[in-house]
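Asks: The structure under discussion is supplied below as structure tokens; questions concerning it will follow.
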Amino acid sequence: MENLPISSRYIFNSFLFIVIISLIVACNNQKNEYSNALFKASSPTEAPITDFTTIDCLNESNQKVIKLSTISFQQTKNPKALRVLLKIKNGHQKIDFNLKKLTKDNLIIIPKLNYNININNDSLRKRRNSDRYIFRTLDNEIKNQMALMDSLERTTHNNDLKIFALQSKRTLEENNKALKTLLVYQE
Amino acid sequence: MKYNRQKSSVYHKIIFTISLFILLFISVLTVKHINNISNSTKLLMHTYEVNLELEHLYSYIKDSDNNFRSYIISKDNFYLVLYQNDIKNVNSSFSILKELNRKDLGQQRNLESLYKMVNSRYDYIANNSNLNKNVDLTRNYDFKKVLKESGKRLAEIRIQLNDMVHNEKTNLKLQNSVYDRQIYLTPIITLSILFITFLLLIFTYIQTTNDIEKLQTTNVKLNKSHFLSSQAEILSEFGTWEWDLIDDKLTYSNNLYHILGVAPQSFEATKENFMKFVHPEDVEIVDTMFKKITKDEDLPHTYFRIIRPNGKIRNLRSVGKLFTDNVGNKTVLGVTNDITDEHNKNELLKSNYEDLIAINNQLKIFEESSKQAEILGKYGSWILNYDTLHLTYSDNRYRLLGYEPQAFEASIDNIFNFIHPDDKKAVDKAFKKALETKRMLSMSYRVITKDGRIRNFRTIAKSYIDLSGTHSMIGTTRDVTEDYNKSLQLKERNIELEKHVKELNEFNQVASHDLQEPLRKIQTFISRINDKEKENMSDAGKEYLSRIEIASDRMRVLIDDLLQYSKANRSEKKLETTDLNQILSESLSELSQNIEDKKATINYTTLPTINGIPFQMQQLFSNLLSNSLKYAKADVAPIININCVEIVAKNESILNDNSSKKYYKISVSDNGIGFEQKHSKQIFLLFNRLHGKSEYQGTGVGLAICEKIVEKHSGFIFATSNPNEGATFTFYLPVNIT
């Protein structure tokens, strides 16, 4: 070593220095990891990636929209309204299908309940205003569903659900727009 | 310049590197084992969490089941809310389990299977339960069937959960067995690490202690070396300096300041400050020197002068060399030497060399003249080396033997070949004695020359040691044949002369005695004629008779003086202690009548006691005193002063003797008529007189007797005088007469 040129000695010393520093850093990192593992053992589990209440509400709202669009479709005679309602029903059935698929993939169980659509039967019986009544109810439900989609998009950590919320929102917006046109036409 | 490093430093680096790699290896192993332990713990925790969450799941399912049934029975929406919460909990559990089993595909499949079972059960219950119908559940067969089926499916869920728990346990067991195997050596490795670390610590401590001791020893040596260097600088009158080329910083040693004639560190070591000391005529040299150092990073010998603050000019010499240390710092290390003394010595040497050349020339001249002198003086020189007994002859030494110079090789044997057979023994003896005593006194011998002539040689030699320490004998041999022959003639003549002197003395004595007898008869008959026949004689006869009487009286005085002179000359030298004071008293007593008649005054000091012949000393004083009385001025009473002092010969120029021999200087001075100084030597000659017989009586023998007596006592006598100013007779007698 004595005969090494100065540059070689610099390299050798630098190498030693780097090895020592790397060793210290490596040990330090490993120690942190080790510590974290122990710490994790006593720490509470992480929060779930999805707000299941929102998904429940979303499912309920979607079921209601499908049901309302079915009732309205059966009741109305207006061809234009029929097309719109069919489109709404198809769109929401697709949303329902996607939601079920997503819940299945993410091991989420949705309660299978019969939801009350809160429709006044008397109002339905009055032919003259029944469409308008049901359209308004449907419009409210879609808006509600849009709000839920917004909430899901904001809160969820699951990318699939986030994409689902975004895509569904577009469908909902279109349906809502069409429904509004229909309402304007009714008035 | 080579940079020296201690070997231990290299060993330390090697040991350090090995230790580092050992520690690195051990650290990696340790990290791996810690990782295993951590993984094992994680796995345990994971299993615990999975099992716990599975139990939670089962519990939530059962809760939801209960709440659902309660709702069916009571139709109370409160239970429905609880049921929905339970479903959320079930979802949460599934979510957690999914996350926990993210890496376990088997458990994921089990979980999916479980989900399907749970979901299908909820679907079955939801599809087959008439939630809005008020029916008698106790009698409703479908309800019982659904209840039974849901219970059955719940049992299946339980089984599935148990499978998953079992799988988890199996995985845990499997992984733990692997980790157990891997961490089996952990305590051993940990102990090994501790042990190796401990050994390294001990080794490092020992090595460090050794190094510190070495360092301390080296430090002491360095201090000593530094001290010696400082002392050497002072003794050798040189100073050192360092010039850091990177920082452009100069450093002087203390002695360099001393050389510049100022106190150490009394000014900042810079080029500008140094230039202040440089002699104006050498500023350019020093400036070039600084530029050379900067450019070439080296400095050959450079000579220049400086002027010290006290005005003294000193000659300096600087030399420097580049030193690069192990980290690449470049420093020019230099030495500046005060060569003033050396310079002066060189100047002196030059001067001496010139003197030597001159002396050499003189020597050549001397050699040549010596050769010529040898030829003219008929002598030759030779040198004998005591150690090698090698003999060297001068050219003329060969010529003395009748040979041409360097005709043969001079040797001791050759000497004896030329020596006369009768003298060989004596020469051999003298030569051997000379070799022993390292000296050879004058030795005469005969040689037979090449042409067969016999020549007389005289040799004298002396030992000497030359500058190279060689002990030799240098000798001179002279051909003294002519001298020898002359000395033989001289000897013969001396013998003849001695014979003549003896005859003359005998004649003198005989003449003195024999002459007295006829003279006595003449005087007797003159006396009888005066008594009986004078009256009968004519006036002319009386006149003639008177003259015969005077002449006979004078002849008697002459014969007496001559007898005395002869006596002084002949008497044997028998010295005895003689008190000159007593001798002088006797002389004064002898001359008392004369002194009284002349009314003379005699002054004298105390005289010494010497080894001498008493009667001669009395005669000396008597003659000198009577001489002063005789030659006194007619109308002036004589005053005679006798003084005596002890002197050293070299202090008396008149003696012409540079030795330290001591003499009594006795002077007899008078106030008589004196004489001219030119006659001062003449008056001591026999029968010599400055005045006529009619003026002053005398025979001219007295002072001659005085000189003879003083010479007999190994002394000297001188006379100084001027006419009518008196005369002084000074005689010197040795303090110790032998």
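Residue numbering restarts at 1 in every chain; chains get A, B, ... in the order shown in the structure tokens, and ligands count up from 1 in that same order.
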I'd like the neighbourhood of Gly377 in chain B as a list of chain:residue names, where a residue qualifies if any of its atoms comes within 12 Å (using only C-alpha atoms), though same-chain residues fewer than 2 positions away should be ignored.

Replies: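 Everything that qualifies: B:Ser369, B:Ser370, B:Lys371, B:Gln372, B:Ala373, B:Glu374, B:Ile375, B:Tyr379, B:Gly380, B:Ser381, B:Asn396, B:Arg397, B:Leu400, B:Thr476, B:Thr477, B:Arg478, B:Asp479, B:Val480, B:Thr481, B:Glu482, B:Asp483.
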
Asks: Show which residues sit within 10 Å of Leu562 in chain B, as an MDAnalysis selection string. Count only C-alpha atoms, and ignore same-chain residues fewer than 5 positions away.

Replies: chainID B and resid 508:509 511:512 556:557 567:568 686:687 699 701:702 705

Asks: Do a neighbour search on Thr181 in chain A at 12 Å with only C-alpha atoms, toss out local chain neighbours closer than 2 positions, and write the hits as a PyMOL selection string.

Replies: chain A and resi 80-81+84-85+132+135-136+139+174-179+183-187

Asks: Find the residues near range 160-167 of chain A: any atom within 12 Å, counting only C-alpha atoms, skip ones fewer than 6 places away on the same chain, and give them as number ranges by chain.

Replies: A: 49-52, 54-55, 58, 91-92, 94-106, 108, 145-154, 173-174

Asks: Could the residues in this selection be saved with N, CA and C atoms as an mmCIF file, in the first residue's frame?

Replies:
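Output file again13.cif follows:
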data_model
loop_
_atom_site.group_PDB
_atom_site.id
_atom_site.type_symbol
_atom_site.label_atom_id
_atom_site.label_comp_id
_atom_site.auth_asym_id
_atom_site.auth_seq_id
_atom_site.Cartn_x
_atom_site.Cartn_y
_atom_site.Cartn_z
ATOM 1 N N ILE A 49 -60.836 0.999 2.593
ATOM 2 C CA ILE A 49 -60.593 1.889 1.453
ATOM 3 C C ILE A 49 -61.897 2.525 0.938
ATOM 4 N N THR A 50 -63.032 2.033 1.362
ATOM 5 C CA THR A 50 -64.304 2.538 0.821
ATOM 6 C C THR A 50 -65.319 2.776 1.946
ATOM 7 N N ASP A 51 -66.061 3.868 1.745
ATOM 8 C CA ASP A 51 -67.156 4.110 2.688
ATOM 9 C C ASP A 51 -68.355 3.244 2.247
ATOM 10 N N PHE A 52 -68.582 2.159 3.034
ATOM 11 C CA PHE A 52 -69.626 1.190 2.636
ATOM 12 C C PHE A 52 -71.029 1.803 2.688
ATOM 13 N N THR A 54 -71.844 4.800 1.720
ATOM 14 C CA THR A 54 -72.053 5.464 0.423
ATOM 15 C C THR A 54 -72.447 4.447 -0.636
ATOM 16 N N ILE A 55 -71.759 3.304 -0.588
ATOM 17 C CA ILE A 55 -72.064 2.268 -1.597
ATOM 18 C C ILE A 55 -73.491 1.739 -1.368
ATOM 19 N N LEU A 58 -75.783 4.341 -2.579
ATOM 20 C CA LEU A 58 -75.696 4.376 -4.034
ATOM 21 C C LEU A 58 -76.533 3.251 -4.642
ATOM 22 N N GLY A 91 -79.235 2.861 -18.613
ATOM 23 C CA GLY A 91 -78.008 3.446 -17.997
ATOM 24 C C GLY A 91 -77.849 3.013 -16.557
ATOM 25 N N HIS A 92 -78.907 3.058 -15.790
ATOM 26 C CA HIS A 92 -78.831 2.710 -14.383
ATOM 27 C C HIS A 92 -78.703 1.220 -14.156
ATOM 28 N N LYS A 94 -77.020 -0.554 -16.152
ATOM 29 C CA LYS A 94 -75.575 -0.765 -16.400
ATOM 30 C C LYS A 94 -74.750 -0.377 -15.172
ATOM 31 N N ILE A 95 -75.171 0.760 -14.566
ATOM 32 C CA ILE A 95 -74.487 1.183 -13.340
ATOM 33 C C ILE A 95 -74.638 0.102 -12.278
ATOM 34 N N ASP A 96 -75.850 -0.464 -12.188
ATOM 35 C CA ASP A 96 -76.094 -1.520 -11.201
ATOM 36 C C ASP A 96 -75.192 -2.729 -11.465
ATOM 37 N N PHE A 97 -75.118 -3.052 -12.775
ATOM 38 C CA PHE A 97 -74.265 -4.202 -13.141
ATOM 39 C C PHE A 97 -72.785 -3.939 -12.748
ATOM 40 N N ASN A 98 -72.323 -2.759 -13.126
ATOM 41 C CA ASN A 98 -70.925 -2.409 -12.796
ATOM 42 C C ASN A 98 -70.697 -2.378 -11.290
ATOM 43 N N LEU A 99 -71.655 -1.857 -10.575
ATOM 44 C CA LEU A 99 -71.500 -1.764 -9.124
ATOM 45 C C LEU A 99 -71.400 -3.153 -8.500
ATOM 46 N N LYS A 100 -72.303 -4.051 -8.998
ATOM 47 C CA LYS A 100 -72.271 -5.425 -8.455
ATOM 48 C C LYS A 100 -70.932 -6.108 -8.763
ATOM 49 N N LYS A 101 -70.510 -5.848 -9.976
ATOM 50 C CA LYS A 101 -69.214 -6.469 -10.350
ATOM 51 C C LYS A 101 -68.082 -5.939 -9.457
ATOM 52 N N LEU A 102 -68.107 -4.625 -9.263
ATOM 53 C CA LEU A 102 -67.067 -4.011 -8.425
ATOM 54 C C LEU A 102 -67.135 -4.506 -6.992
ATOM 55 N N THR A 103 -68.355 -4.599 -6.459
ATOM 56 C CA THR A 103 -68.487 -5.071 -5.069
ATOM 57 C C THR A 103 -68.029 -6.517 -4.955
ATOM 58 N N LYS A 104 -68.324 -7.271 -5.991
ATOM 59 C CA LYS A 104 -67.898 -8.669 -5.959
ATOM 60 C C LYS A 104 -66.357 -8.755 -5.981
ATOM 61 N N ASP A 105 -65.753 -7.937 -6.874
ATOM 62 C CA ASP A 105 -64.273 -7.950 -6.961
ATOM 63 C C ASP A 105 -63.625 -7.472 -5.668
ATOM 64 N N ASN A 106 -64.278 -6.531 -5.018
ATOM 65 C CA ASN A 106 -63.692 -5.975 -3.802
ATOM 66 C C ASN A 106 -64.264 -6.588 -2.523
ATOM 67 N N ILE A 108 -67.253 -6.820 -1.338
ATOM 68 C CA ILE A 108 -68.174 -5.948 -0.608
ATOM 69 C C ILE A 108 -69.589 -6.529 -0.738
ATOM 70 N N GLN A 145 -78.251 10.647 -6.492
ATOM 71 C CA GLN A 145 -77.243 9.641 -6.893
ATOM 72 C C GLN A 145 -75.949 10.319 -7.373
ATOM 73 N N MET A 146 -76.111 11.444 -8.065
ATOM 74 C CA MET A 146 -74.919 12.184 -8.521
ATOM 75 C C MET A 146 -74.088 12.680 -7.342
ATOM 76 N N ALA A 147 -74.832 13.166 -6.343
ATOM 77 C CA ALA A 147 -74.123 13.631 -5.129
ATOM 78 C C ALA A 147 -73.366 12.482 -4.484
ATOM 79 N N LEU A 148 -74.027 11.308 -4.456
ATOM 80 C CA LEU A 148 -73.364 10.138 -3.867
ATOM 81 C C LEU A 148 -72.110 9.747 -4.675
ATOM 82 N N MET A 149 -72.306 9.855 -6.028
ATOM 83 C CA MET A 149 -71.135 9.539 -6.885
ATOM 84 C C MET A 149 -69.977 10.498 -6.587
ATOM 85 N N ASP A 150 -70.325 11.777 -6.445
ATOM 86 C CA ASP A 150 -69.287 12.765 -6.071
ATOM 87 C C ASP A 150 -68.589 12.372 -4.781
ATOM 88 N N SER A 151 -69.420 12.015 -3.807
ATOM 89 C CA SER A 151 -68.877 11.632 -2.501
ATOM 90 C C SER A 151 -67.971 10.412 -2.637
ATOM 91 N N LEU A 152 -68.448 9.409 -3.416
ATOM 92 C CA LEU A 152 -67.646 8.190 -3.612
ATOM 93 C C LEU A 152 -66.308 8.516 -4.289
ATOM 94 N N GLU A 153 -66.423 9.372 -5.311
ATOM 95 C CA GLU A 153 -65.189 9.741 -6.041
ATOM 96 C C GLU A 153 -64.169 10.408 -5.114
ATOM 97 N N ARG A 154 -64.692 11.258 -4.227
ATOM 98 C CA ARG A 154 -63.801 11.983 -3.317
ATOM 99 C C ARG A 154 -63.210 11.085 -2.228
ATOM 100 N N GLU A 173 -75.322 12.443 -15.494
ATOM 101 C CA GLU A 173 -75.477 13.819 -15.993
ATOM 102 C C GLU A 173 -76.291 13.842 -17.288
ATOM 103 N N GLU A 174 -75.970 12.885 -18.163
ATOM 104 C CA GLU A 174 -76.702 12.800 -19.432
ATOM 105 C C GLU A 174 -78.180 12.529 -19.169
#

Asks: Can you list, as a PyMOL selection string, every protein, DNA or RNA residue that comes within 12 Å of range 578-586 of chain B when you count only C-alpha atoms, leaving out same-chain residues fewer than 6 positions away?

Replies: chain B and resi 592+602-625+642-644+664+666+668+733+737

Asks: Just asking: which residues within range 259-406 of chain B are alpha helix (DSSP H) according to DSSP, as a JSON list (two decimals) with C-alpha atoms, in the first residue's frame?

Replies:
[["chain", "number", "residue", "atom", "x", "y", "z"],
["B", 259, "ILE", "CA", 22.54, 34.71, 10.03],
["B", 271, "LYS", "CA", 10.35, 37.55, -0.03],
["B", 272, "GLU", "CA", 10.05, 41.32, 0.26],
["B", 273, "ASN", "CA", 11.40, 41.36, 3.82],
["B", 274, "PHE", "CA", 14.29, 39.10, 2.83],
["B", 275, "MET", "CA", 15.20, 41.33, -0.11],
["B", 283, "VAL", "CA", 19.52, 41.84, -5.74],
["B", 284, "GLU", "CA", 19.18, 40.53, -9.28],
["B", 285, "ILE", "CA", 20.74, 37.18, -8.33],
["B", 286, "VAL", "CA", 18.31, 36.69, -5.43],
["B", 287, "ASP", "CA", 15.37, 37.82, -7.54],
["B", 288, "THR", "CA", 16.29, 35.25, -10.17],
["B", 289, "MET", "CA", 16.65, 32.69, -7.38],
["B", 290, "PHE", "CA", 13.06, 33.25, -6.19],
["B", 291, "LYS", "CA", 11.76, 33.05, -9.76],
["B", 292, "LYS", "CA", 13.69, 29.83, -10.30],
["B", 293, "ILE", "CA", 12.15, 28.25, -7.21],
["B", 294, "THR", "CA", 8.64, 29.15, -8.39],
["B", 295, "LYS", "CA", 9.29, 27.98, -11.94],
["B", 296, "ASP", "CA", 11.46, 24.88, -11.52],
["B", 340, "THR", "CA", 31.84, 34.20, 4.85],
["B", 341, "ASP", "CA", 34.55, 32.37, 6.80],
["B", 342, "GLU", "CA", 34.83, 29.77, 4.05],
["B", 343, "HIS", "CA", 35.02, 32.56, 1.50],
["B", 344, "ASN", "CA", 37.73, 34.29, 3.50],
["B", 345, "LYS", "CA", 39.58, 31.03, 3.87],
["B", 346, "ASN", "CA", 39.38, 30.47, 0.14],
["B", 347, "GLU", "CA", 40.77, 33.92, -0.41],
["B", 348, "LEU", "CA", 43.50, 33.11, 2.08],
["B", 349, "LEU", "CA", 44.13, 29.81, 0.35],
["B", 350, "LYS", "CA", 44.42, 31.60, -2.96],
["B", 351, "SER", "CA", 46.89, 33.97, -1.38],
["B", 352, "ASN", "CA", 48.72, 31.06, 0.24],
["B", 353, "TYR", "CA", 48.77, 29.26, -3.07],
["B", 354, "GLU", "CA", 50.38, 32.24, -4.70],
["B", 355, "ASP", "CA", 52.84, 32.39, -1.82],
["B", 356, "LEU", "CA", 53.49, 28.68, -2.27],
["B", 357, "ILE", "CA", 54.18, 29.20, -5.94],
["B", 358, "ALA", "CA", 56.62, 31.95, -5.01],
["B", 359, "ILE", "CA", 58.20, 29.76, -2.34],
["B", 360, "ASN", "CA", 58.35, 26.91, -4.79],
["B", 361, "ASN", "CA", 60.19, 29.11, -7.22],
["B", 362, "GLN", "CA", 62.50, 30.17, -4.44],
["B", 363, "LEU", "CA", 62.97, 26.53, -3.51],
["B", 364, "LYS", "CA", 63.85, 25.69, -7.07],
["B", 365, "ILE", "CA", 66.37, 28.51, -7.03],
["B", 366, "PHE", "CA", 67.58, 27.32, -3.66],
["B", 367, "GLU", "CA", 67.84, 23.77, -4.92],
["B", 368, "GLU", "CA", 69.81, 24.87, -7.91],
["B", 369, "SER", "CA", 72.03, 27.09, -5.81],
["B", 370, "SER", "CA", 72.36, 24.28, -3.29],
["B", 371, "LYS", "CA", 73.51, 21.98, -6.09],
["B", 372, "GLN", "CA", 76.00, 24.55, -7.16],
["B", 373, "ALA", "CA", 77.04, 25.11, -3.55],
["B", 374, "GLU", "CA", 77.48, 21.36, -3.17],
["B", 375, "ILE", "CA", 79.76, 21.35, -6.19],
["B", 376, "LEU", "CA", 81.71, 24.37, -5.04],
["B", 377, "GLY", "CA", 81.78, 23.34, -1.39],
["B", 395, "ASP", "CA", 73.76, 14.48, -7.34],
["B", 396, "ASN", "CA", 77.00, 15.79, -5.90],
["B", 397, "ARG", "CA", 77.17, 12.96, -3.41],
["B", 398, "TYR", "CA", 77.71, 10.71, -6.46],
["B", 399, "ARG", "CA", 80.26, 13.10, -7.87],
["B", 400, "LEU", "CA", 82.22, 13.01, -4.59]]

Asks: Quick one: pull the distance between CA of Leu105 in chain B and CA of Ile110 in chain A, Å, one decimal.

Replies: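 Separation between CA of Leu105 in chain B and CA of Ile110 in chain A: 24.6 Å.
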
Asks: Restricting the calculation to only C-alpha atoms, which member of B:Tyr403, B:Arg153, B:Ile26, B:Val31 is positioned closest to Asp65 in chain B?

Replies: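 Counting only C-alpha atoms, the residue closest to Asp65 in chain B is B:Arg153.
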
Asks: Given only C-alpha atoms as the basis, pick out the residue of A:Thr76, A:Lys180, A:Thr137, A:Leu172 nearest to Asn90 in chain A.

Replies: A:Leu172

Asks: CA of Phe507 in chain B and CA of Ala704 in chain B are how many Å apart?

Replies: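 Distance reported for this atom pair: 19.8 Å.
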
Asks: Could you tell me which of B:Phe408, B:Ser487, B:Ser721, B:Tyr79 comes closest to Lys681 in chain B if we count only C-alpha atoms?

Replies: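 Ranking B:Phe408, B:Ser487, B:Ser721, B:Tyr79 by distance to Lys681 in chain B, first place goes to B:Ser721.
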
Asks: So the first atom is CA of Lys321 in chain B and the second is CA of Trp241 in chain B; what is the distance between them in Å, to one decimal place?

Replies: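 Computed distance, CA of Lys321 in chain B to CA of Trp241 in chain B, equals 10.9 Å.
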
Asks: Using only C-alpha atoms, which of A:Lys89, A:Lys169, A:Lys112, A:His157 sits nearest chain B?

Replies: A:Lys112

Asks: Considering only C-alpha atoms, can you say which of A:Asn78, A:Asn158, A:Gln63, A:Asn118 comes closest to chain B?

Replies: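 Smallest distance to chain B is found for A:Asn158.
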